[in-house]
Each structure stands twice: as C-alpha cells, then as structure tokens.
file start.cif (mmCIF, N, CA and C atoms)
data_model
loop_
_atom_site.label_atom_id
_atom_site.label_comp_id
_atom_site.auth_asym_id
_atom_site.auth_seq_id
_atom_site.Cartn_x
_atom_site.Cartn_y
_atom_site.Cartn_z
N SER A 1 -7.17 1.18 -24.89
CA SER A 1 -6.95 1.60 -23.50
C SER A 1 -5.47 1.90 -23.23
N HIS A 2 -4.62 1.57 -24.20
CA HIS A 2 -3.17 1.82 -24.02
C HIS A 2 -2.91 3.31 -23.82
N ASN A 3 -3.58 4.14 -24.60
CA ASN A 3 -3.40 5.59 -24.49
C ASN A 3 -3.81 6.11 -23.12
N LYS A 4 -4.87 5.54 -22.60
CA LYS A 4 -5.35 5.94 -21.28
C LYS A 4 -4.25 5.76 -20.23
N GLU A 5 -3.59 4.63 -20.29
CA GLU A 5 -2.52 4.33 -19.34
C GLU A 5 -1.39 5.36 -19.46
N GLU A 6 -1.01 5.66 -20.68
CA GLU A 6 0.05 6.66 -20.92
C GLU A 6 -0.36 8.02 -20.36
N GLU A 7 -1.61 8.35 -20.59
CA GLU A 7 -2.17 9.62 -20.14
C GLU A 7 -2.06 9.75 -18.61
N ILE A 8 -2.39 8.66 -17.93
CA ILE A 8 -2.34 8.65 -16.46
C ILE A 8 -0.91 8.86 -15.98
N ILE A 9 0.03 8.15 -16.57
CA ILE A 9 1.42 8.28 -16.14
C ILE A 9 1.95 9.68 -16.45
N GLU A 10 1.54 10.22 -17.59
CA GLU A 10 1.91 11.59 -17.94
C GLU A 10 1.43 12.55 -16.86
N LYS A 11 0.19 12.38 -16.43
CA LYS A 11 -0.40 13.23 -15.39
C LYS A 11 0.40 13.11 -14.09
N ALA A 12 0.79 11.89 -13.78
CA ALA A 12 1.54 11.66 -12.54
C ALA A 12 2.87 12.40 -12.57
N THR A 13 3.51 12.41 -13.74
CA THR A 13 4.82 13.03 -13.82
C THR A 13 4.73 14.54 -13.94
N THR A 14 3.52 15.06 -14.15
CA THR A 14 3.37 16.51 -14.24
C THR A 14 2.96 17.13 -12.91
N LEU A 15 2.97 16.35 -11.85
CA LEU A 15 2.78 16.95 -10.52
C LEU A 15 3.87 18.00 -10.33
N SER A 16 3.50 19.15 -9.83
CA SER A 16 4.49 20.19 -9.55
C SER A 16 5.44 19.71 -8.48
N GLU A 17 6.62 20.30 -8.43
CA GLU A 17 7.57 19.95 -7.37
C GLU A 17 6.92 20.21 -6.02
N GLY A 18 7.18 19.33 -5.09
CA GLY A 18 6.64 19.52 -3.76
C GLY A 18 6.32 18.20 -3.09
N LEU A 19 5.64 18.28 -1.97
CA LEU A 19 5.27 17.12 -1.17
C LEU A 19 3.76 16.93 -1.24
N TYR A 20 3.36 15.69 -1.42
CA TYR A 20 1.95 15.35 -1.50
C TYR A 20 1.68 14.21 -0.54
N LEU A 21 0.70 14.41 0.33
CA LEU A 21 0.32 13.36 1.27
C LEU A 21 -1.00 12.76 0.80
N PHE A 22 -0.95 11.50 0.39
CA PHE A 22 -2.16 10.81 -0.06
C PHE A 22 -2.83 10.17 1.16
N THR A 23 -4.08 10.55 1.37
CA THR A 23 -4.81 10.12 2.57
C THR A 23 -6.18 9.56 2.20
N MET A 24 -6.80 8.90 3.18
CA MET A 24 -8.18 8.44 3.06
C MET A 24 -8.91 8.83 4.34
N ASP A 25 -10.21 9.05 4.21
CA ASP A 25 -11.03 9.43 5.37
C ASP A 25 -10.94 8.42 6.49
N THR A 26 -10.85 7.15 6.12
CA THR A 26 -10.96 6.06 7.11
C THR A 26 -9.62 5.63 7.67
N CYS A 27 -8.57 6.41 7.38
CA CYS A 27 -7.22 5.95 7.69
C CYS A 27 -6.75 6.51 9.03
N PRO A 28 -6.57 5.65 10.03
CA PRO A 28 -6.17 6.13 11.36
C PRO A 28 -4.79 6.78 11.39
N ASN A 29 -3.87 6.28 10.57
CA ASN A 29 -2.52 6.83 10.60
C ASN A 29 -2.37 8.13 9.81
N CYS A 30 -3.40 8.50 9.06
CA CYS A 30 -3.31 9.74 8.28
C CYS A 30 -3.18 10.96 9.19
N ASN A 31 -3.89 10.95 10.31
CA ASN A 31 -3.76 12.07 11.25
C ASN A 31 -2.38 12.11 11.89
N VAL A 32 -1.81 10.94 12.11
CA VAL A 32 -0.44 10.86 12.63
C VAL A 32 0.52 11.50 11.62
N ALA A 33 0.35 11.14 10.35
CA ALA A 33 1.21 11.68 9.29
C ALA A 33 1.05 13.20 9.19
N LYS A 34 -0.20 13.68 9.26
CA LYS A 34 -0.45 15.13 9.19
C LYS A 34 0.24 15.84 10.34
N HIS A 35 0.21 15.22 11.51
CA HIS A 35 0.87 15.80 12.68
C HIS A 35 2.39 15.87 12.45
N LEU A 36 2.95 14.80 11.89
CA LEU A 36 4.40 14.76 11.60
C LEU A 36 4.78 15.86 10.62
N LEU A 37 3.88 16.17 9.70
CA LEU A 37 4.16 17.13 8.63
C LEU A 37 3.71 18.55 8.97
N LYS A 38 3.31 18.77 10.21
CA LYS A 38 2.69 20.06 10.56
C LYS A 38 3.59 21.26 10.30
N ASP A 39 4.90 21.08 10.32
CA ASP A 39 5.82 22.20 10.06
C ASP A 39 6.38 22.16 8.64
N THR A 40 5.75 21.35 7.79
CA THR A 40 6.23 21.14 6.43
C THR A 40 5.16 21.61 5.46
N VAL A 41 5.56 22.22 4.36
CA VAL A 41 4.60 22.61 3.33
C VAL A 41 4.31 21.39 2.47
N TYR A 42 3.05 21.01 2.41
CA TYR A 42 2.65 19.86 1.59
C TYR A 42 1.22 20.03 1.12
N THR A 43 0.83 19.23 0.16
CA THR A 43 -0.54 19.24 -0.36
C THR A 43 -1.19 17.92 0.01
N GLU A 44 -2.35 17.99 0.65
CA GLU A 44 -3.06 16.75 0.96
C GLU A 44 -3.88 16.33 -0.26
N MET A 45 -3.77 15.05 -0.59
CA MET A 45 -4.48 14.50 -1.74
C MET A 45 -5.40 13.39 -1.25
N ASP A 46 -6.69 13.51 -1.53
CA ASP A 46 -7.62 12.44 -1.18
C ASP A 46 -7.45 11.29 -2.18
N SER A 47 -7.15 10.11 -1.66
CA SER A 47 -6.85 8.97 -2.52
C SER A 47 -8.03 8.56 -3.40
N TYR A 48 -9.27 8.76 -2.92
CA TYR A 48 -10.44 8.42 -3.73
C TYR A 48 -10.62 9.42 -4.86
N GLN A 49 -10.45 10.69 -4.57
CA GLN A 49 -10.62 11.74 -5.59
C GLN A 49 -9.49 11.73 -6.61
N ASN A 50 -8.36 11.14 -6.25
CA ASN A 50 -7.20 11.08 -7.15
C ASN A 50 -6.85 9.64 -7.49
N ALA A 51 -7.89 8.84 -7.71
CA ALA A 51 -7.71 7.39 -7.90
C ALA A 51 -6.76 7.07 -9.06
N GLU A 52 -6.85 7.82 -10.15
CA GLU A 52 -5.99 7.56 -11.32
C GLU A 52 -4.52 7.80 -10.97
N LEU A 53 -4.29 8.86 -10.22
CA LEU A 53 -2.93 9.20 -9.80
C LEU A 53 -2.39 8.12 -8.86
N VAL A 54 -3.23 7.68 -7.95
CA VAL A 54 -2.86 6.63 -6.99
C VAL A 54 -2.45 5.37 -7.76
N LYS A 55 -3.23 5.05 -8.79
CA LYS A 55 -2.94 3.87 -9.61
C LYS A 55 -1.62 4.06 -10.37
N ALA A 56 -1.45 5.23 -10.96
CA ALA A 56 -0.25 5.51 -11.75
C ALA A 56 1.02 5.45 -10.90
N LEU A 57 0.90 5.94 -9.67
CA LEU A 57 2.05 5.96 -8.76
C LEU A 57 2.19 4.65 -7.99
N LYS A 58 1.26 3.73 -8.23
CA LYS A 58 1.23 2.42 -7.55
C LYS A 58 1.21 2.56 -6.03
N ILE A 59 0.42 3.52 -5.56
CA ILE A 59 0.26 3.73 -4.12
C ILE A 59 -0.67 2.66 -3.58
N MET A 60 -0.22 1.96 -2.55
CA MET A 60 -0.98 0.83 -2.01
C MET A 60 -1.47 1.09 -0.59
N THR A 61 -1.03 2.16 0.02
CA THR A 61 -1.34 2.36 1.43
C THR A 61 -1.58 3.83 1.71
N ALA A 62 -2.39 4.08 2.72
CA ALA A 62 -2.57 5.45 3.19
C ALA A 62 -2.12 5.48 4.65
N PRO A 63 -1.38 6.49 5.07
CA PRO A 63 -0.90 7.61 4.25
C PRO A 63 0.34 7.23 3.43
N THR A 64 0.49 7.89 2.30
CA THR A 64 1.72 7.78 1.51
C THR A 64 2.18 9.19 1.17
N LEU A 65 3.46 9.45 1.41
CA LEU A 65 4.05 10.74 1.06
C LEU A 65 4.73 10.60 -0.30
N VAL A 66 4.38 11.50 -1.22
CA VAL A 66 5.01 11.53 -2.54
C VAL A 66 5.81 12.82 -2.64
N VAL A 67 7.10 12.67 -2.94
CA VAL A 67 8.00 13.82 -3.04
C VAL A 67 8.41 13.97 -4.50
N VAL A 68 8.07 15.11 -5.08
CA VAL A 68 8.43 15.38 -6.47
C VAL A 68 9.51 16.46 -6.46
N ARG A 69 10.70 16.09 -6.97
CA ARG A 69 11.83 17.01 -6.95
C ARG A 69 12.75 16.70 -8.12
N ASP A 70 13.17 17.73 -8.83
CA ASP A 70 14.06 17.55 -9.98
C ASP A 70 13.52 16.49 -10.95
N LYS A 71 12.24 16.55 -11.22
CA LYS A 71 11.55 15.62 -12.13
C LYS A 71 11.59 14.16 -11.66
N ALA A 72 12.06 13.93 -10.45
CA ALA A 72 12.04 12.58 -9.88
C ALA A 72 10.91 12.49 -8.87
N THR A 73 10.31 11.32 -8.78
CA THR A 73 9.22 11.10 -7.85
C THR A 73 9.62 10.02 -6.85
N GLU A 74 9.64 10.40 -5.57
CA GLU A 74 9.96 9.44 -4.51
C GLU A 74 8.68 9.15 -3.73
N ILE A 75 8.52 7.90 -3.35
CA ILE A 75 7.30 7.48 -2.67
C ILE A 75 7.63 6.86 -1.32
N TYR A 76 7.00 7.38 -0.28
CA TYR A 76 7.23 6.90 1.10
C TYR A 76 5.90 6.41 1.67
N PRO A 77 5.64 5.09 1.57
CA PRO A 77 4.38 4.56 2.08
C PRO A 77 4.42 4.34 3.59
N GLY A 78 3.38 4.80 4.26
CA GLY A 78 3.24 4.53 5.70
C GLY A 78 3.98 5.51 6.58
N VAL A 79 3.53 5.60 7.82
CA VAL A 79 4.07 6.55 8.80
C VAL A 79 5.57 6.31 9.05
N GLY A 80 5.98 5.05 9.11
CA GLY A 80 7.40 4.73 9.36
C GLY A 80 8.31 5.35 8.33
N ASN A 81 7.97 5.17 7.06
CA ASN A 81 8.79 5.70 5.97
C ASN A 81 8.74 7.23 5.92
N ILE A 82 7.58 7.78 6.23
CA ILE A 82 7.43 9.25 6.26
C ILE A 82 8.33 9.82 7.36
N THR A 83 8.35 9.16 8.51
CA THR A 83 9.20 9.59 9.63
C THR A 83 10.67 9.58 9.22
N VAL A 84 11.10 8.52 8.55
CA VAL A 84 12.49 8.40 8.10
C VAL A 84 12.81 9.52 7.11
N TYR A 85 11.91 9.78 6.17
CA TYR A 85 12.12 10.86 5.21
C TYR A 85 12.33 12.20 5.93
N LEU A 86 11.46 12.48 6.89
CA LEU A 86 11.53 13.77 7.61
C LEU A 86 12.80 13.90 8.43
N LYS A 87 13.27 12.80 8.99
CA LYS A 87 14.53 12.82 9.75
C LYS A 87 15.71 13.18 8.86
N ASN A 88 15.63 12.74 7.59
CA ASN A 88 16.76 12.93 6.67
C ASN A 88 16.67 14.21 5.83
N HIS A 89 15.61 15.01 6.03
CA HIS A 89 15.46 16.23 5.24
C HIS A 89 15.20 17.43 6.16
#

call {"tool": "encode", "arguments": {"input": "start.cif", "output": "structure tokens"}}
result
Amino acid sequence: SHNKEEEIIEKATTLSEGLYLFTMDTCPNCNVAKHLLKDTVYTEMDSYQNAELVKALKIMTAPTLVVVRDKATEIYPGVGNITVYLKNH
C-alpha cells in the first residue's frame, strides 16, 4: 500500500495552477465561500468525489480553499481563512 500513498500525493501535486474550493453538499458555509469567490476564477471540487485528494492534502473541513501556484500548495480551511486570503490577494 506504500505505492498507493505515493500515487495519491503525486496526484495532489499535479493539480494545475489555480484555486480549488473543496466543498460538500451538506456544508452550510460552502455557499458563503462561493459567494466570497464570486469574482474569482476557481474550480469547485466535491470532497466526496475527490476523497483521495482530500486525504493527500489533509483537508479536514469544508469549505477549504487550495491555492496551487509556482508548484507550491497553500491550504486555507474555513470561511475565515478564505476571507483573509482574498483580502491579501
């Protein structure tokens, strides 16, 4: 199973540059996050459909914004952190 783990992390690091919002159907704050990002280009990712990616990125909460830039991955869990990110960019 060691290879499986490596494979997952490899997949996580091959996300194209951009913003990804990890959401769940049952998440009340996800709509808040979508509203905050309404003027921003991003890709919505369903956390259930992307469970391996969620695990690889150690995402624990929805919504979580993942920013992939210059081969670096930044993770902003929750509306508060997403708001701070948007204020600074």

call {"tool": "select_by_dssp", "arguments": {"input": "start.cif", "residues": "chain A", "states": "helix (DSSP H, G or I)", "output": "compact mmCIF listing (two decimals) with N, CA and C atoms, in the coordinates of the input"}}
result
# COMPACT_ATOMS: atom_id res chain seq x y z
N HIS A 2 -4.62 1.57 -24.20
CA HIS A 2 -3.17 1.82 -24.02
C HIS A 2 -2.91 3.31 -23.82
N ASN A 3 -3.58 4.14 -24.60
CA ASN A 3 -3.40 5.59 -24.49
C ASN A 3 -3.81 6.11 -23.12
N LYS A 4 -4.87 5.54 -22.60
CA LYS A 4 -5.35 5.94 -21.28
C LYS A 4 -4.25 5.76 -20.23
N GLU A 5 -3.59 4.63 -20.29
CA GLU A 5 -2.52 4.33 -19.34
C GLU A 5 -1.39 5.36 -19.46
N GLU A 6 -1.01 5.66 -20.68
CA GLU A 6 0.05 6.66 -20.92
C GLU A 6 -0.36 8.02 -20.36
N GLU A 7 -1.61 8.35 -20.59
CA GLU A 7 -2.17 9.62 -20.14
C GLU A 7 -2.06 9.75 -18.61
N ILE A 8 -2.39 8.66 -17.93
CA ILE A 8 -2.34 8.65 -16.46
C ILE A 8 -0.91 8.86 -15.98
N ILE A 9 0.03 8.15 -16.57
CA ILE A 9 1.42 8.28 -16.14
C ILE A 9 1.95 9.68 -16.45
N GLU A 10 1.54 10.22 -17.59
CA GLU A 10 1.91 11.59 -17.94
C GLU A 10 1.43 12.55 -16.86
N LYS A 11 0.19 12.38 -16.43
CA LYS A 11 -0.40 13.23 -15.39
C LYS A 11 0.40 13.11 -14.09
N ALA A 12 0.79 11.89 -13.78
CA ALA A 12 1.54 11.66 -12.54
C ALA A 12 2.87 12.40 -12.57
N THR A 13 3.51 12.41 -13.74
CA THR A 13 4.82 13.03 -13.82
C THR A 13 4.73 14.54 -13.94
N PRO A 28 -6.57 5.65 10.03
CA PRO A 28 -6.17 6.13 11.36
C PRO A 28 -4.79 6.78 11.39
N ASN A 29 -3.87 6.28 10.57
CA ASN A 29 -2.52 6.83 10.60
C ASN A 29 -2.37 8.13 9.81
N CYS A 30 -3.40 8.50 9.06
CA CYS A 30 -3.31 9.74 8.28
C CYS A 30 -3.18 10.96 9.19
N ASN A 31 -3.89 10.95 10.31
CA ASN A 31 -3.76 12.07 11.25
C ASN A 31 -2.38 12.11 11.89
N VAL A 32 -1.81 10.94 12.11
CA VAL A 32 -0.44 10.86 12.63
C VAL A 32 0.52 11.50 11.62
N ALA A 33 0.35 11.14 10.35
CA ALA A 33 1.21 11.68 9.29
C ALA A 33 1.05 13.20 9.19
N LYS A 34 -0.20 13.68 9.26
CA LYS A 34 -0.45 15.13 9.19
C LYS A 34 0.24 15.84 10.34
N HIS A 35 0.21 15.22 11.51
CA HIS A 35 0.87 15.80 12.68
C HIS A 35 2.39 15.87 12.45
N LEU A 36 2.95 14.80 11.89
CA LEU A 36 4.40 14.76 11.60
C LEU A 36 4.78 15.86 10.62
N ALA A 51 -7.89 8.84 -7.71
CA ALA A 51 -7.71 7.39 -7.90
C ALA A 51 -6.76 7.07 -9.06
N GLU A 52 -6.85 7.82 -10.15
CA GLU A 52 -5.99 7.56 -11.32
C GLU A 52 -4.52 7.80 -10.97
N LEU A 53 -4.29 8.86 -10.22
CA LEU A 53 -2.93 9.20 -9.80
C LEU A 53 -2.39 8.12 -8.86
N VAL A 54 -3.23 7.68 -7.95
CA VAL A 54 -2.86 6.63 -6.99
C VAL A 54 -2.45 5.37 -7.76
N LYS A 55 -3.23 5.05 -8.79
CA LYS A 55 -2.94 3.87 -9.61
C LYS A 55 -1.62 4.06 -10.37
N ALA A 56 -1.45 5.23 -10.96
CA ALA A 56 -0.25 5.51 -11.75
C ALA A 56 1.02 5.45 -10.90
N GLY A 78 3.38 4.80 4.26
CA GLY A 78 3.24 4.53 5.70
C GLY A 78 3.98 5.51 6.58
N VAL A 79 3.53 5.60 7.82
CA VAL A 79 4.07 6.55 8.80
C VAL A 79 5.57 6.31 9.05
N GLY A 80 5.98 5.05 9.11
CA GLY A 80 7.40 4.73 9.36
C GLY A 80 8.31 5.35 8.33
N ASN A 81 7.97 5.17 7.06
CA ASN A 81 8.79 5.70 5.97
C ASN A 81 8.74 7.23 5.92
N ILE A 82 7.58 7.78 6.23
CA ILE A 82 7.43 9.25 6.26
C ILE A 82 8.33 9.82 7.36
N THR A 83 8.35 9.16 8.51
CA THR A 83 9.20 9.59 9.63
C THR A 83 10.67 9.58 9.22
N VAL A 84 11.10 8.52 8.55
CA VAL A 84 12.49 8.40 8.10
C VAL A 84 12.81 9.52 7.11
N TYR A 85 11.91 9.78 6.17
CA TYR A 85 12.12 10.86 5.21
C TYR A 85 12.33 12.20 5.93
N LEU A 86 11.46 12.48 6.89
CA LEU A 86 11.53 13.77 7.61
C LEU A 86 12.80 13.90 8.43
N LYS A 87 13.27 12.80 8.99
CA LYS A 87 14.53 12.82 9.75
C LYS A 87 15.71 13.18 8.86

call {"tool": "closest_residue", "arguments": {"input": "start.cif", "among": "A:Val41, A:Val54, A:Leu65, A:Leu36", "to": "Leu21 in chain A", "atoms": "only C-alpha atoms"}}
result
A:Leu65

call {"tool": "closest_residue", "arguments": {"input": "start.cif", "among": "A:Val68, A:Phe22, A:Thr61, A:Leu37", "to": "Gln49 in chain A", "atoms": "only C-alpha atoms"}}
result
A:Phe22

call {"tool": "closest_residue", "arguments": {"input": "start.cif", "among": "A:Leu15, A:Ala33, A:Leu57, A:Ala51", "to": "Gly78 in chain A", "atoms": "only N, CA and C atoms"}}
result
A:Ala33

call {"tool": "atom_distance", "arguments": {"input": "start.cif", "atom1": "atom C of Asn29 in chain A", "atom2": "CA of Ala62 in chain A"}}
result
7.1 Å

call {"tool": "select_by_dssp", "arguments": {"input": "start.cif", "residues": "chain A", "states": "strand (DSSP E)", "output": "PyMOL selection string"}}
result
chain A and resi 18-23+43-46+64-69+72-77

call {"tool": "closest_residue", "arguments": {"input": "start.cif", "among": "A:Leu19, A:Ile59, A:Met24, A:Val32", "to": "Asp46 in chain A", "atoms": "all atoms listed in the file"}}
result
A:Met24

call {"tool": "atom_distance", "arguments": {"input": "start.cif", "atom1": "CA of Ser47 in chain A", "atom2": "CA of His89 in chain A"}}
result
24.7 Å

call {"tool": "closest_residue", "arguments": {"input": "start.cif", "among": "A:Tyr20, A:Thr64, A:Tyr76, A:Val84", "to": "Glu44 in chain A", "atoms": "only N, CA and C atoms"}}
result
A:Tyr20

call {"tool": "closest_residue", "arguments": {"input": "start.cif", "among": "A:Glu52, A:Asp39, A:Glu17, A:Asp70", "to": "Leu86 in chain A", "atoms": "only C-alpha atoms"}}
result
A:Asp39
